[in-house]
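Enquirer: The structure file query-v3.cif (mmCIF, C-alpha atoms) is provided below.
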```
data_structure
loop_
_atom_site.label_atom_id
_atom_site.label_comp_id
_atom_site.auth_asym_id
_atom_site.auth_seq_id
_atom_site.Cartn_x
_atom_site.Cartn_y
_atom_site.Cartn_z
CA MET A 1 -38.60 -29.57 -3.63
CA SER A 2 -40.71 -30.57 -6.57
CA PRO A 3 -38.72 -30.59 -9.82
CA ASP A 4 -41.29 -28.74 -11.96
CA ARG A 5 -40.84 -25.53 -9.99
CA ARG A 6 -37.89 -23.21 -10.53
CA PRO A 7 -35.32 -23.39 -7.73
CA LEU A 8 -35.88 -21.00 -4.84
CA ARG A 9 -33.11 -18.41 -4.46
CA VAL A 10 -32.14 -18.09 -0.81
CA LEU A 11 -29.62 -15.69 0.78
CA VAL A 12 -28.13 -17.03 4.02
CA ALA A 13 -26.60 -14.12 5.94
CA LYS A 14 -24.74 -13.56 9.20
CA PRO A 15 -25.42 -9.99 10.34
CA GLY A 16 -23.44 -8.64 13.27
CA LEU A 17 -20.13 -9.36 14.90
CA ASP A 18 -20.33 -12.98 16.02
CA GLY A 19 -17.81 -15.17 14.28
CA HIS A 20 -19.59 -18.50 14.25
CA ASP A 21 -21.05 -19.53 10.91
CA LYS A 22 -21.05 -23.31 11.26
CA GLY A 23 -24.83 -23.27 11.69
CA ALA A 24 -25.37 -20.95 8.72
CA LYS A 25 -23.21 -23.19 6.53
CA VAL A 26 -25.08 -26.32 7.65
CA ILE A 27 -28.40 -24.64 6.80
CA ALA A 28 -26.98 -23.57 3.42
CA ALA A 29 -25.94 -27.17 2.71
CA ILE A 30 -29.29 -28.74 3.62
CA LEU A 31 -31.18 -26.16 1.55
CA ARG A 32 -28.83 -26.79 -1.40
CA ASP A 33 -29.53 -30.52 -1.02
CA ALA A 34 -33.25 -29.71 -0.93
CA GLY A 35 -32.93 -28.04 -4.36
CA CYS A 36 -32.49 -24.36 -3.41
CA GLU A 37 -29.93 -22.01 -4.93
CA VAL A 38 -28.23 -20.73 -1.80
CA ILE A 39 -26.11 -17.59 -1.75
CA TYR A 40 -23.76 -17.22 1.19
CA THR A 41 -22.12 -13.89 1.99
CA GLY A 42 -19.73 -14.65 4.85
CA LEU A 43 -19.33 -13.21 8.33
CA HIS A 44 -19.67 -9.73 9.84
CA GLN A 45 -22.32 -8.24 7.56
CA THR A 46 -24.13 -5.01 8.40
CA PRO A 47 -27.90 -4.79 7.81
CA ALA A 48 -27.12 -2.56 4.80
CA ASP A 49 -24.72 -5.19 3.40
CA VAL A 50 -27.34 -7.92 3.77
CA ALA A 51 -30.15 -5.83 2.29
CA ARG A 52 -28.04 -4.78 -0.69
CA ALA A 53 -26.98 -8.39 -1.36
CA ALA A 54 -30.65 -9.49 -1.20
CA VAL A 55 -31.60 -6.75 -3.69
CA GLN A 56 -28.77 -7.52 -6.15
CA GLU A 57 -29.39 -11.26 -5.96
CA ASP A 58 -33.19 -10.78 -6.19
CA VAL A 59 -33.70 -13.60 -3.71
CA ASP A 60 -37.01 -15.24 -2.78
CA VAL A 61 -35.98 -15.91 0.83
CA LEU A 62 -33.57 -14.16 3.19
CA GLY A 63 -32.35 -16.32 6.09
CA LEU A 64 -30.69 -14.48 8.97
CA SER A 65 -28.53 -16.45 11.42
CA PHE A 66 -27.85 -15.07 14.91
CA LEU A 67 -26.01 -16.59 17.87
CA SER A 68 -25.04 -13.46 19.77
CA GLY A 69 -28.34 -12.04 21.01
CA VAL A 70 -28.65 -9.10 18.60
CA HIS A 71 -31.45 -10.69 16.55
CA LEU A 72 -34.19 -8.15 17.41
CA ALA A 73 -32.23 -4.98 16.60
CA LEU A 74 -30.49 -6.28 13.47
CA THR A 75 -33.56 -8.06 12.07
CA ALA A 76 -35.56 -4.83 12.44
CA ALA A 77 -32.84 -2.76 10.74
CA THR A 78 -32.40 -5.28 7.90
CA ILE A 79 -36.13 -5.58 7.20
CA GLU A 80 -36.55 -1.79 7.19
CA LEU A 81 -33.84 -1.33 4.53
CA LEU A 82 -35.08 -4.32 2.56
CA ARG A 83 -38.66 -3.05 2.35
CA ALA A 84 -37.54 0.53 1.64
CA ALA A 85 -35.61 -0.82 -1.37
CA GLY A 86 -38.77 -2.59 -2.59
CA CYS A 87 -37.43 -6.11 -1.96
CA ARG A 88 -40.26 -8.51 -1.16
CA ALA A 89 -38.10 -11.46 -0.05
CA VAL A 90 -39.59 -13.62 2.69
CA VAL A 91 -37.45 -13.27 5.85
CA VAL A 92 -36.73 -16.21 8.17
CA VAL A 93 -34.51 -16.22 11.26
CA GLY A 94 -32.52 -19.00 12.93
CA GLY A 95 -29.93 -19.56 15.65
CA ASN A 96 -29.86 -18.81 19.37
CA ILE A 97 -33.34 -17.30 19.55
CA PRO A 98 -35.11 -17.35 22.96
CA THR A 99 -38.73 -18.51 22.65
CA ARG A 100 -39.92 -15.26 24.28
CA ASP A 101 -38.49 -13.24 21.33
CA ILE A 102 -40.35 -15.17 18.61
CA PRO A 103 -43.55 -13.05 18.78
CA ALA A 104 -41.47 -9.84 18.49
CA LEU A 105 -39.67 -11.20 15.42
CA GLU A 106 -42.99 -12.20 13.85
CA GLU A 107 -44.25 -8.69 14.62
CA LEU A 108 -41.31 -7.35 12.54
CA GLY A 109 -42.51 -9.41 9.58
CA VAL A 110 -40.39 -12.53 10.00
CA ALA A 111 -42.24 -15.45 8.36
CA ALA A 112 -40.65 -18.26 10.37
CA VAL A 113 -38.21 -18.66 13.26
CA PHE A 114 -36.02 -21.76 13.58
CA PRO A 115 -34.44 -21.68 17.05
CA GLY A 116 -31.61 -23.97 18.12
CA GLY A 117 -32.86 -27.57 18.28
CA THR A 118 -35.01 -27.32 15.13
CA SER A 119 -34.50 -30.45 13.02
CA TYR A 120 -33.30 -30.32 9.42
CA THR A 121 -36.54 -32.02 8.42
CA GLU A 122 -38.65 -29.26 9.99
CA ILE A 123 -36.73 -26.61 8.05
CA VAL A 124 -36.85 -28.42 4.71
CA THR A 125 -40.55 -29.19 5.25
CA TRP A 126 -41.25 -25.49 5.85
CA PHE A 127 -39.43 -24.49 2.65
CA ASP A 128 -41.22 -27.24 0.70
CA ALA A 129 -44.62 -26.18 2.01
CA HIS A 130 -44.03 -22.51 1.23
CA SER A 131 -42.03 -22.68 -2.00
CA HIS A 132 -45.08 -22.50 -4.30
CA VAL A 133 -46.27 -19.32 -2.55
CA ILE A 134 -42.81 -17.78 -2.39
CA ALA A 135 -41.81 -18.52 -5.99
CA GLY A 136 -45.20 -17.35 -7.26
CA MET B 1 -35.55 11.62 21.55
CA LEU B 2 -37.18 8.46 20.31
CA THR B 3 -38.93 10.42 17.52
CA ALA B 4 -35.66 12.02 16.47
CA MET B 5 -33.96 8.62 16.27
CA SER B 6 -36.69 7.00 14.28
CA SER B 7 -36.93 9.86 11.80
CA GLN B 8 -33.16 9.65 11.32
CA ALA B 9 -33.49 5.95 10.60
CA ASP B 10 -36.28 6.67 8.11
CA THR B 11 -34.09 9.17 6.27
CA SER B 12 -31.24 6.72 5.90
CA ALA B 13 -33.64 4.01 4.71
CA VAL B 14 -35.00 6.40 2.06
CA GLU B 15 -31.48 7.30 0.91
CA PHE B 16 -30.62 3.62 0.76
CA ALA B 17 -33.72 2.83 -1.26
CA THR B 18 -33.07 5.67 -3.71
CA ALA B 19 -29.50 4.53 -4.26
CA LEU B 20 -30.62 0.96 -4.80
CA ARG B 21 -33.58 1.60 -7.10
CA ALA B 22 -31.58 1.14 -10.31
CA GLU B 23 -29.85 -1.95 -8.90
CA ALA B 24 -33.17 -3.48 -7.89
CA GLU B 25 -34.54 -2.97 -11.41
CA LEU B 26 -31.45 -4.53 -12.99
CA ALA B 27 -31.66 -7.43 -10.51
CA ARG B 28 -35.28 -8.13 -11.53
CA THR B 29 -34.33 -7.93 -15.22
CA LEU B 30 -31.59 -10.53 -14.63
CA SER B 31 -34.12 -12.81 -12.89
CA ALA B 32 -36.49 -12.50 -15.85
CA ILE B 33 -33.65 -13.38 -18.25
CA GLU B 34 -32.76 -16.34 -16.04
CA ARG B 35 -36.36 -17.58 -16.11
CA GLY B 36 -36.36 -17.27 -19.90
CA GLU B 37 -39.15 -14.68 -19.77
CA ARG B 38 -37.04 -12.02 -21.37
CA THR B 39 -34.22 -11.82 -23.86
CA GLU B 40 -31.89 -8.86 -24.06
CA PRO B 41 -31.29 -8.26 -27.76
CA GLY B 42 -29.44 -4.95 -27.63
CA GLY B 43 -26.75 -3.49 -25.47
CA PRO B 44 -23.01 -3.11 -25.84
CA THR B 45 -20.87 -6.25 -25.58
CA ASP B 46 -17.45 -4.64 -25.17
CA ASN B 47 -15.43 -4.33 -21.94
CA VAL B 48 -16.24 -7.86 -20.83
CA ILE B 49 -13.53 -9.82 -19.04
CA GLY B 50 -13.73 -13.57 -18.37
CA ILE B 51 -11.71 -14.92 -15.44
CA VAL B 52 -11.27 -18.68 -15.84
CA GLY B 53 -9.32 -21.38 -14.07
CA ALA B 54 -9.53 -24.48 -11.93
CA PRO B 55 -11.29 -24.46 -8.53
CA GLY B 56 -8.92 -23.08 -5.93
CA ALA B 57 -6.68 -21.23 -8.40
CA GLY B 58 -7.77 -17.96 -6.81
CA LYS B 59 -10.29 -16.59 -9.32
CA SER B 60 -12.60 -15.02 -6.73
CA THR B 61 -9.73 -13.47 -4.77
CA LEU B 62 -8.24 -12.10 -8.00
CA ILE B 63 -11.62 -10.63 -8.96
CA GLY B 64 -11.89 -8.94 -5.55
CA ALA B 65 -8.47 -7.34 -6.08
CA LEU B 66 -9.14 -6.48 -9.74
CA VAL B 67 -12.44 -4.81 -8.80
CA ARG B 68 -10.54 -2.57 -6.35
CA GLU B 69 -8.12 -1.60 -9.14
CA ILE B 70 -10.94 -0.94 -11.62
CA ARG B 71 -12.70 1.29 -9.07
CA ARG B 72 -9.43 3.17 -8.45
CA SER B 73 -9.32 3.96 -12.17
CA GLY B 74 -12.78 5.52 -11.91
CA GLN B 75 -14.81 2.87 -13.73
CA THR B 76 -17.82 1.01 -12.39
CA VAL B 77 -17.86 -2.79 -12.57
CA ALA B 78 -20.40 -5.59 -12.45
CA VAL B 79 -19.39 -9.16 -11.60
CA LEU B 80 -21.46 -12.14 -12.83
CA ALA B 81 -20.31 -15.29 -11.01
CA VAL B 82 -21.44 -18.80 -11.96
CA ASP B 83 -21.25 -21.80 -9.62
CA PRO B 84 -22.31 -25.38 -10.38
CA SER B 85 -25.85 -26.73 -9.89
CA SER B 86 -26.13 -30.12 -8.21
CA PRO B 87 -26.98 -32.84 -10.74
CA VAL B 88 -28.74 -34.64 -7.88
CA SER B 89 -30.93 -32.00 -6.20
CA GLY B 90 -30.80 -29.13 -8.72
CA GLY B 91 -29.71 -26.92 -5.84
CA ALA B 92 -26.52 -24.88 -5.69
CA PHE B 93 -24.18 -23.23 -3.21
CA LEU B 94 -23.20 -19.80 -4.53
CA GLY B 95 -20.28 -18.61 -2.44
CA ASP B 96 -18.38 -16.12 -4.58
CA ARG B 97 -19.77 -13.05 -2.78
CA VAL B 98 -17.65 -13.94 0.25
CA ARG B 99 -14.51 -12.59 -1.46
CA MET B 100 -16.31 -9.34 -2.35
CA ALA B 101 -16.98 -8.21 1.24
CA ASP B 102 -14.72 -5.15 0.88
CA HIS B 103 -17.01 -3.80 -1.85
CA ALA B 104 -20.31 -4.45 -0.03
CA GLN B 105 -21.26 -0.76 0.14
CA ASP B 106 -19.44 0.54 -2.94
CA ARG B 107 -22.18 1.89 -5.23
CA GLY B 108 -19.85 1.37 -8.20
CA VAL B 109 -19.80 -2.41 -7.78
CA PHE B 110 -22.66 -4.74 -8.72
CA PHE B 111 -22.48 -8.47 -8.00
CA ARG B 112 -24.81 -11.26 -9.08
CA SER B 113 -24.51 -15.01 -8.49
CA PHE B 114 -25.83 -17.53 -11.01
CA ALA B 115 -26.34 -21.28 -10.69
CA ALA B 116 -25.20 -23.01 -13.90
CA ARG B 117 -28.53 -24.94 -14.16
CA GLY B 118 -26.98 -27.31 -16.69
CA GLY B 119 -25.60 -24.54 -18.91
CA ALA B 120 -22.68 -25.54 -21.12
CA GLY B 121 -19.05 -24.51 -20.82
CA GLY B 122 -19.17 -23.49 -17.17
CA LEU B 123 -21.73 -20.78 -17.88
CA ALA B 124 -25.44 -20.39 -17.17
CA ASP B 125 -27.68 -19.99 -20.24
CA ALA B 126 -28.65 -16.56 -18.92
CA ILE B 127 -25.11 -15.14 -19.03
CA PRO B 128 -25.02 -13.74 -22.61
CA GLY B 129 -28.30 -11.87 -22.03
CA ALA B 130 -27.17 -10.82 -18.57
CA VAL B 131 -23.97 -9.29 -19.97
CA ARG B 132 -25.96 -7.16 -22.43
CA ALA B 133 -28.48 -6.13 -19.77
CA VAL B 134 -25.73 -5.09 -17.35
CA ARG B 135 -23.82 -3.08 -19.99
CA ALA B 136 -27.09 -1.48 -21.17
CA ALA B 137 -27.79 -0.47 -17.55
CA GLY B 138 -24.61 1.60 -17.67
CA TRP B 139 -22.01 -0.51 -15.88
CA ASP B 140 -18.62 0.24 -17.50
CA THR B 141 -16.94 -3.15 -17.22
CA VAL B 142 -18.32 -6.66 -16.73
CA ILE B 143 -16.36 -9.52 -15.19
CA ILE B 144 -17.63 -13.08 -15.73
CA GLU B 145 -16.45 -15.85 -13.42
CA PRO B 146 -17.54 -19.21 -14.87
CA VAL B 147 -17.66 -22.44 -12.89
CA GLY B 148 -14.12 -23.41 -11.91
CA GLY B 149 -13.43 -25.84 -14.69
CA GLY B 150 -10.56 -27.17 -16.53
CA GLN B 151 -9.06 -27.42 -19.90
CA ALA B 152 -12.26 -27.52 -21.94
CA ASP B 153 -14.21 -24.42 -20.78
CA VAL B 154 -13.90 -22.58 -24.03
CA ALA B 155 -17.46 -21.23 -24.45
CA ILE B 156 -16.52 -18.06 -22.59
CA ALA B 157 -14.15 -16.93 -25.34
CA GLN B 158 -17.12 -16.15 -27.61
CA LEU B 159 -18.62 -13.83 -25.02
CA VAL B 160 -15.78 -11.67 -23.77
CA THR B 161 -13.21 -9.18 -25.02
CA ALA B 162 -10.48 -10.77 -22.90
CA VAL B 163 -10.00 -14.18 -21.29
CA VAL B 164 -7.78 -14.17 -18.21
CA LEU B 165 -6.63 -17.68 -17.22
CA VAL B 166 -5.67 -18.03 -13.55
CA LEU B 167 -3.16 -20.74 -12.70
CA SER B 168 -1.44 -21.41 -9.39
CA PRO B 169 1.79 -23.26 -8.60
CA GLU B 170 -0.44 -26.23 -7.72
CA SER B 171 -1.95 -26.21 -11.24
CA GLY B 172 0.35 -28.92 -12.47
CA ASP B 173 3.65 -29.29 -14.20
CA GLU B 174 4.85 -28.57 -17.68
CA MET B 175 2.95 -31.56 -19.10
CA GLN B 176 -0.38 -29.89 -18.22
CA ILE B 177 0.70 -26.72 -20.00
CA MET B 178 1.51 -28.65 -23.15
CA LYS B 179 -2.11 -29.84 -23.39
CA ALA B 180 -4.58 -28.09 -25.66
CA GLY B 181 -7.66 -26.15 -24.57
CA ILE B 182 -8.28 -23.05 -22.54
CA LEU B 183 -4.59 -22.08 -22.56
CA GLU B 184 -4.87 -21.45 -26.29
CA LEU B 185 -7.88 -19.19 -25.82
CA ALA B 186 -6.48 -17.15 -22.94
CA ASP B 187 -5.42 -13.60 -23.73
CA VAL B 188 -3.63 -13.14 -20.42
CA VAL B 189 -2.28 -15.92 -18.23
CA VAL B 190 -1.95 -15.07 -14.55
CA VAL B 191 0.31 -17.19 -12.38
CA ASN B 192 -1.38 -16.52 -9.03
CA LYS B 193 0.05 -17.20 -5.56
CA ALA B 194 3.39 -15.96 -6.86
CA ASP B 195 4.73 -16.02 -3.31
CA ARG B 196 4.55 -19.82 -3.24
CA PRO B 197 7.26 -22.24 -4.35
CA GLY B 198 7.00 -23.28 -7.96
CA ALA B 199 5.43 -20.03 -9.24
CA SER B 200 8.47 -18.78 -11.13
CA GLN B 201 9.08 -22.24 -12.63
CA LEU B 202 5.48 -22.29 -13.90
CA HIS B 203 5.93 -18.75 -15.26
CA SER B 204 9.08 -19.80 -17.16
CA ALA B 205 7.40 -22.95 -18.51
CA LEU B 206 4.56 -20.80 -19.88
CA ARG B 207 6.93 -18.33 -21.47
CA SER B 208 8.86 -21.08 -23.18
CA ARG B 209 5.60 -22.50 -24.52
CA TRP B 210 4.84 -19.13 -26.16
CA SER B 211 8.15 -19.33 -27.99
CA THR B 212 6.59 -21.75 -30.50
CA GLY B 213 3.19 -20.11 -31.01
CA PRO B 214 1.21 -16.88 -30.67
CA ARG B 215 2.43 -14.94 -27.63
CA ARG B 216 0.26 -14.39 -24.59
CA SER B 217 0.89 -11.94 -21.80
CA THR B 218 1.98 -13.83 -18.70
CA LEU B 219 1.92 -12.14 -15.29
CA LEU B 220 3.05 -13.19 -11.83
CA VAL B 221 0.38 -12.08 -9.36
CA THR B 222 -0.35 -12.53 -5.66
CA ALA B 223 -4.06 -11.72 -5.58
CA SER B 224 -4.38 -11.88 -1.78
CA SER B 225 -1.96 -8.93 -1.43
CA ALA B 226 -2.91 -7.34 -4.80
CA HIS B 227 0.69 -7.70 -6.00
CA GLY B 228 0.71 -7.52 -9.80
CA VAL B 229 -2.97 -6.56 -10.03
CA PRO B 230 -2.39 -2.92 -11.17
CA GLU B 231 -0.25 -4.34 -13.99
CA LEU B 232 -3.06 -6.75 -14.95
CA TRP B 233 -5.65 -3.95 -15.13
CA ALA B 234 -3.26 -1.71 -17.09
CA LEU B 235 -2.75 -4.56 -19.57
CA LEU B 236 -6.50 -5.16 -19.93
CA GLN B 237 -7.21 -1.44 -20.36
CA GLU B 238 -4.53 -0.91 -22.99
CA GLY B 239 -6.04 -3.78 -24.95
CA GLY B 240 -2.51 -5.21 -24.72
CA HIS B 241 -4.29 -8.50 -24.16
CA ARG B 242 -5.70 -8.69 -27.68
CA ARG B 243 -4.24 -11.66 -29.46
CA SER B 244 -2.95 -11.40 -32.99
CA ASP B 245 -5.33 -14.20 -33.99
CA ALA B 246 -8.33 -12.77 -32.13
CA ALA B 247 -9.99 -11.42 -35.27
CA ALA B 248 -9.65 -14.74 -37.04
CA SER B 249 -11.05 -16.83 -34.19
CA ARG B 250 -14.19 -14.77 -33.61
CA PRO B 251 -16.99 -14.46 -36.16
CA ALA B 252 -16.88 -11.03 -37.79
CA ALA B 253 -20.07 -8.98 -38.02
CA ALA B 254 -21.60 -8.95 -41.50
CA ARG B 255 -20.44 -5.77 -43.37
CA PRO B 256 -21.51 -4.23 -46.66
CA GLU B 257 -19.36 -4.57 -49.81
CA PRO B 258 -15.82 -3.20 -49.44
CA PRO B 259 -15.32 0.38 -50.67
CA ASP B 260 -13.55 1.20 -53.95
CA LEU B 261 -9.93 0.58 -52.96
CA ALA B 262 -8.53 2.74 -55.78
CA ALA B 263 -10.57 5.70 -54.54
CA LEU B 264 -9.40 4.98 -51.01
CA ALA B 265 -5.75 4.95 -52.15
CA GLY B 266 -6.35 8.31 -53.85
CA ALA B 267 -7.60 9.71 -50.56
CA ALA B 268 -4.51 8.33 -48.79
CA LEU B 269 -2.19 9.96 -51.35
CA GLY B 270 -4.07 13.23 -50.95
CA ARG B 271 -3.46 13.13 -47.23
CA VAL B 272 0.29 12.53 -47.70
CA ARG B 273 0.47 15.39 -50.23
CA ALA B 274 -1.34 17.76 -47.85
CA ALA B 275 0.98 16.80 -44.98
CA ALA B 276 4.20 17.06 -47.03
CA LEU B 277 3.34 20.47 -48.49
CA ASP B 278 2.47 22.00 -45.13
CA PRO B 279 4.94 24.95 -44.80
CA GLN B 280 6.31 23.76 -41.45
CA VAL B 281 6.82 20.22 -42.75
CA THR B 282 8.40 21.54 -45.96
CA ALA B 283 10.89 23.60 -43.92
CA ARG B 284 11.69 20.53 -41.80
CA LEU B 285 12.23 18.39 -44.89
CA ARG B 286 14.66 20.96 -46.34
CA ARG B 287 16.65 20.97 -43.07
CA GLN B 288 16.73 17.14 -43.08
CA TRP B 289 17.99 17.16 -46.69
CA ALA B 290 20.73 19.65 -45.75
CA ASP B 291 21.69 17.37 -42.83
CA GLY B 292 22.14 14.45 -45.23
CA ALA B 293 18.78 12.63 -45.09
CA SER B 294 18.02 10.22 -47.94
CA GLU B 295 14.92 10.51 -50.15
CA ARG B 296 13.55 7.40 -48.51
CA GLU B 297 13.92 8.95 -45.06
CA MET B 298 12.12 12.05 -46.30
CA VAL B 299 9.24 9.89 -47.57
CA ASP B 300 9.07 8.25 -44.15
CA ILE B 301 8.77 11.69 -42.55
CA MET B 302 5.95 12.57 -44.97
CA LEU B 303 4.08 9.36 -44.10
CA ALA B 304 4.53 10.02 -40.38
CA GLU B 305 3.18 13.55 -40.76
CA ALA B 306 0.23 12.25 -42.81
CA ARG B 307 -0.64 9.86 -39.98
CA LYS B 308 -0.99 12.81 -37.62
CA LEU B 309 -3.66 14.44 -39.84
CA ARG B 310 -7.27 13.93 -38.82
#
```
Any chance you could give the structure as structure tokens?
Expert:
Amino acid sequence: MSPDRRPLRVLVAKPGLDGHDKGAKVIAAILRDAGCEVIYTGLHQTPADVARAAVQEDVDVLGLSFLSGVHLALTAATIELLRAAGCRAVVVVGGNIPTRDIPALEELGVAAVFPGGTSYTEIVTWFDAHSHVIAG
Amino acid sequence: MLTAMSSQADTSAVEFATALRAEAELARTLSAIERGERTEPGGPTDNVIGIVGAPGAGKSTLIGALVREIRRSGQTVAVLAVDPSSPVSGGAFLGDRVRMADHAQDRGVFFRSFAARGGAGGLADAIPGAVRAVRAAGWDTVIIEPVGGGQADVAIAQLVTAVVLVLSPESGDEMQIMKAGILELADVVVVNKADRPGASQLHSALRSRWSTGPRRSTLLVTASSAHGVPELWALLQEGGHRRSDAAASRPAAARPEPPDLAALAGAALGRVRAAALDPQVTARLRRQWADGASEREMVDIMLAEARKLR
């Protein structure tokens, strides 16, 4: 990320009941190494927990990680609360996301989906390409 | 059915948004302060607690437990947590929210993570302004958690009304305690992980250090089970943490010329006279005299009664 821009603030969140956050932590680490300020909230968050954390932290990007198949319902609920609270954070989703669900997530307002198998470079490149728009 | 469900969801989203409106505004103010676009000149600076200590001493866990105790006492609390920025990438991993999961939906708890961004003394440059903004927004107590540092993180003492130093039995032996630095600036020293071997030895070593200098309160705490945390909050609330040398070590606000001390003494004498000549006090003094009280003891009673006058 170019050094003249302020660091992007990114919240990496694990909504729902699945207990696997290795992927979320790896993403947090590569974004940190790419120059982002990454806030991590831990496991088992409700959509309300995630939305409130995004509001308090005033983040630029909210990254939601799902492995358990609940991505459509919980992404919809999180985005609804987020927008109702006036938070304009860009939402991205990663994890076990079937290709057939990507259009539905985009329909909900998700800016990018990084399904399993996405390379670190692809993710960092996306953040790099969008950081000037996101940070304003 | 579907309509009923969606309208219910809408209602809860509206309630959520209403509850969060003030928080969202404060959050944006903190971002503006962080970007240097805004300074926060006013605002109260009291009721600010700094929790310092080495990485792994248990600062975040202690804050989670202390927040629960503060909420139980009816106050609201905002936590400002600072983690280091990478000197290589400029990025940061801000992980202190993880220990606050129990308070995720408590409207009386606000939490904000800061990257140090090269700020000195384990703090971000935005922290002094952030403290004033948070207090001005009506949060009763502010807790600052600086970067887990070591013996030299003394900048925080200028910013807070109490410094709590968290040590653990792994913090090192008596030789570490003899060294200068943050230990001298701490108002309260918490020996955390009190259930582990070595905690009571560390506690005794600290207490024997105080025997040759200004005393500090030293508490044995197990933050993970909240053992000792009510005592810590009681101590902080009573102001029992204030050091005898606190006034000397912090710059005093500029005040006008001192008042006429002779006139002040006259006012003090007037108060003693009024107290001593109160009919009830006079009757009590006569009884004390009959019971064998000395003149000096009677003067002491007069002074005590004068102190009660408002």
Enquirer: Give as JSON, numbers by chain every residue of chain B that touches chain A within 9 Å, counting only C-alpha atoms.
Expert: {"B": [9, 10, 12, 13, 14, 16, 17, 18, 19, 20, 21, 23, 24, 26, 27, 28, 30, 31, 35, 85, 86, 88, 89, 90, 91, 92, 93, 94, 95, 96, 97, 98, 99, 100, 101, 104, 105, 110, 111, 112, 113, 114, 115]}
Enquirer: What do you get, as a list in words, if you spell out every residue that the PyMOL selection byres ((chain A and resi 113-120) around 7) selects here?
Expert: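 Applying the PyMOL selection byres ((chain A and resi 113-120) around 7) to the structure shown produces Val92, Val93, Gly94, Gly95, Asn96, Ile97, Ile102, Ala112, Thr121, Glu122, Ile123 and Val124 of chain A.
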Enquirer: If we draw a sphere of 7 Å around (2.9, -15.0, -10.6), which residues have at least one atom in it when counting only C-alpha atoms? Please report them as a list in words.
Expert: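 In the file's frame, the residues around the point are Val190, Val191, Asn192, Lys193, Ala194, Ala199, Ser200, His203, Leu219, Leu220, Val221 and Thr222 of chain B.
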Enquirer: Applied to the shown file, which residues does the PyMOL selection byres ((chain B and resi 303-310) around 9) return, written as a JSON list (two decimals) with C-alpha atoms, keeping the file's coordinate frame?
Expert:
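Writing the result to part_25.json gives the following:
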```
[["chain", "number", "residue", "atom", "x", "y", "z"],
["B", 268, "ALA", "CA", -4.51, 8.33, -48.79],
["B", 271, "ARG", "CA", -3.46, 13.13, -47.23],
["B", 272, "VAL", "CA", 0.29, 12.53, -47.70],
["B", 273, "ARG", "CA", 0.47, 15.39, -50.23],
["B", 274, "ALA", "CA", -1.34, 17.76, -47.85],
["B", 275, "ALA", "CA", 0.98, 16.80, -44.98],
["B", 276, "ALA", "CA", 4.20, 17.06, -47.03],
["B", 281, "VAL", "CA", 6.82, 20.22, -42.75],
["B", 298, "MET", "CA", 12.12, 12.05, -46.30],
["B", 299, "VAL", "CA", 9.24, 9.89, -47.57],
["B", 300, "ASP", "CA", 9.07, 8.25, -44.15],
["B", 301, "ILE", "CA", 8.77, 11.69, -42.55],
["B", 302, "MET", "CA", 5.95, 12.57, -44.97]]
```
Enquirer: To box segment 25-35 of chain A, take all atoms listed in the file, fit an axis-aligned box, add 8 Å on each side, and give centre and edge lengths in Å to one decimal, as AutoDock Vina command-line options.
Expert:
```
--center_x -28.2 --center_y -26.9 --center_z 1.6 --size_x 26.0 --size_y 23.3 --size_z 28.0
```
Enquirer: Using all atoms listed in the file, which of the listed residues (B:Gly129, B:Gly121, B:Gly56, B:Pro230) sits closest to Glu37 of chain B?
Expert: B:Gly129
Enquirer: Write out N, CA and C atoms for segment 53-61 of chain A, as an mmCIF file, in the coordinates of the input.
Expert:
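Contents of out_36.cif, freshly written:
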```cif
data_model
loop_
_atom_site.group_PDB
_atom_site.id
_atom_site.type_symbol
_atom_site.label_atom_id
_atom_site.label_comp_id
_atom_site.auth_asym_id
_atom_site.auth_seq_id
_atom_site.Cartn_x
_atom_site.Cartn_y
_atom_site.Cartn_z
ATOM 1 N N ALA A 53 -27.206 -7.078 -0.725
ATOM 2 C CA ALA A 53 -26.980 -8.390 -1.360
ATOM 3 C C ALA A 53 -28.316 -9.024 -1.753
ATOM 4 N N ALA A 54 -29.330 -8.904 -0.888
ATOM 5 C CA ALA A 54 -30.650 -9.490 -1.200
ATOM 6 C C ALA A 54 -31.261 -8.822 -2.423
ATOM 7 N N VAL A 55 -31.064 -7.485 -2.538
ATOM 8 C CA VAL A 55 -31.600 -6.750 -3.690
ATOM 9 C C VAL A 55 -30.877 -7.179 -4.968
ATOM 10 N N GLN A 56 -29.529 -7.185 -4.938
ATOM 11 C CA GLN A 56 -28.770 -7.520 -6.150
ATOM 12 C C GLN A 56 -29.036 -8.960 -6.594
ATOM 13 N N GLU A 57 -29.194 -9.855 -5.623
ATOM 14 C CA GLU A 57 -29.390 -11.260 -5.960
ATOM 15 C C GLU A 57 -30.860 -11.572 -6.239
ATOM 16 N N ASP A 58 -31.748 -10.613 -5.976
ATOM 17 C CA ASP A 58 -33.190 -10.780 -6.190
ATOM 18 C C ASP A 58 -33.678 -12.105 -5.607
ATOM 19 N N VAL A 59 -33.397 -12.308 -4.313
ATOM 20 C CA VAL A 59 -33.700 -13.600 -3.710
ATOM 21 C C VAL A 59 -35.182 -13.717 -3.333
ATOM 22 N N ASP A 60 -35.650 -14.965 -3.235
ATOM 23 C CA ASP A 60 -37.010 -15.240 -2.780
ATOM 24 C C ASP A 60 -37.074 -15.245 -1.255
ATOM 25 N N VAL A 61 -35.999 -15.756 -0.627
ATOM 26 C CA VAL A 61 -35.980 -15.910 0.830
ATOM 27 C C VAL A 61 -34.667 -15.341 1.370
#
```
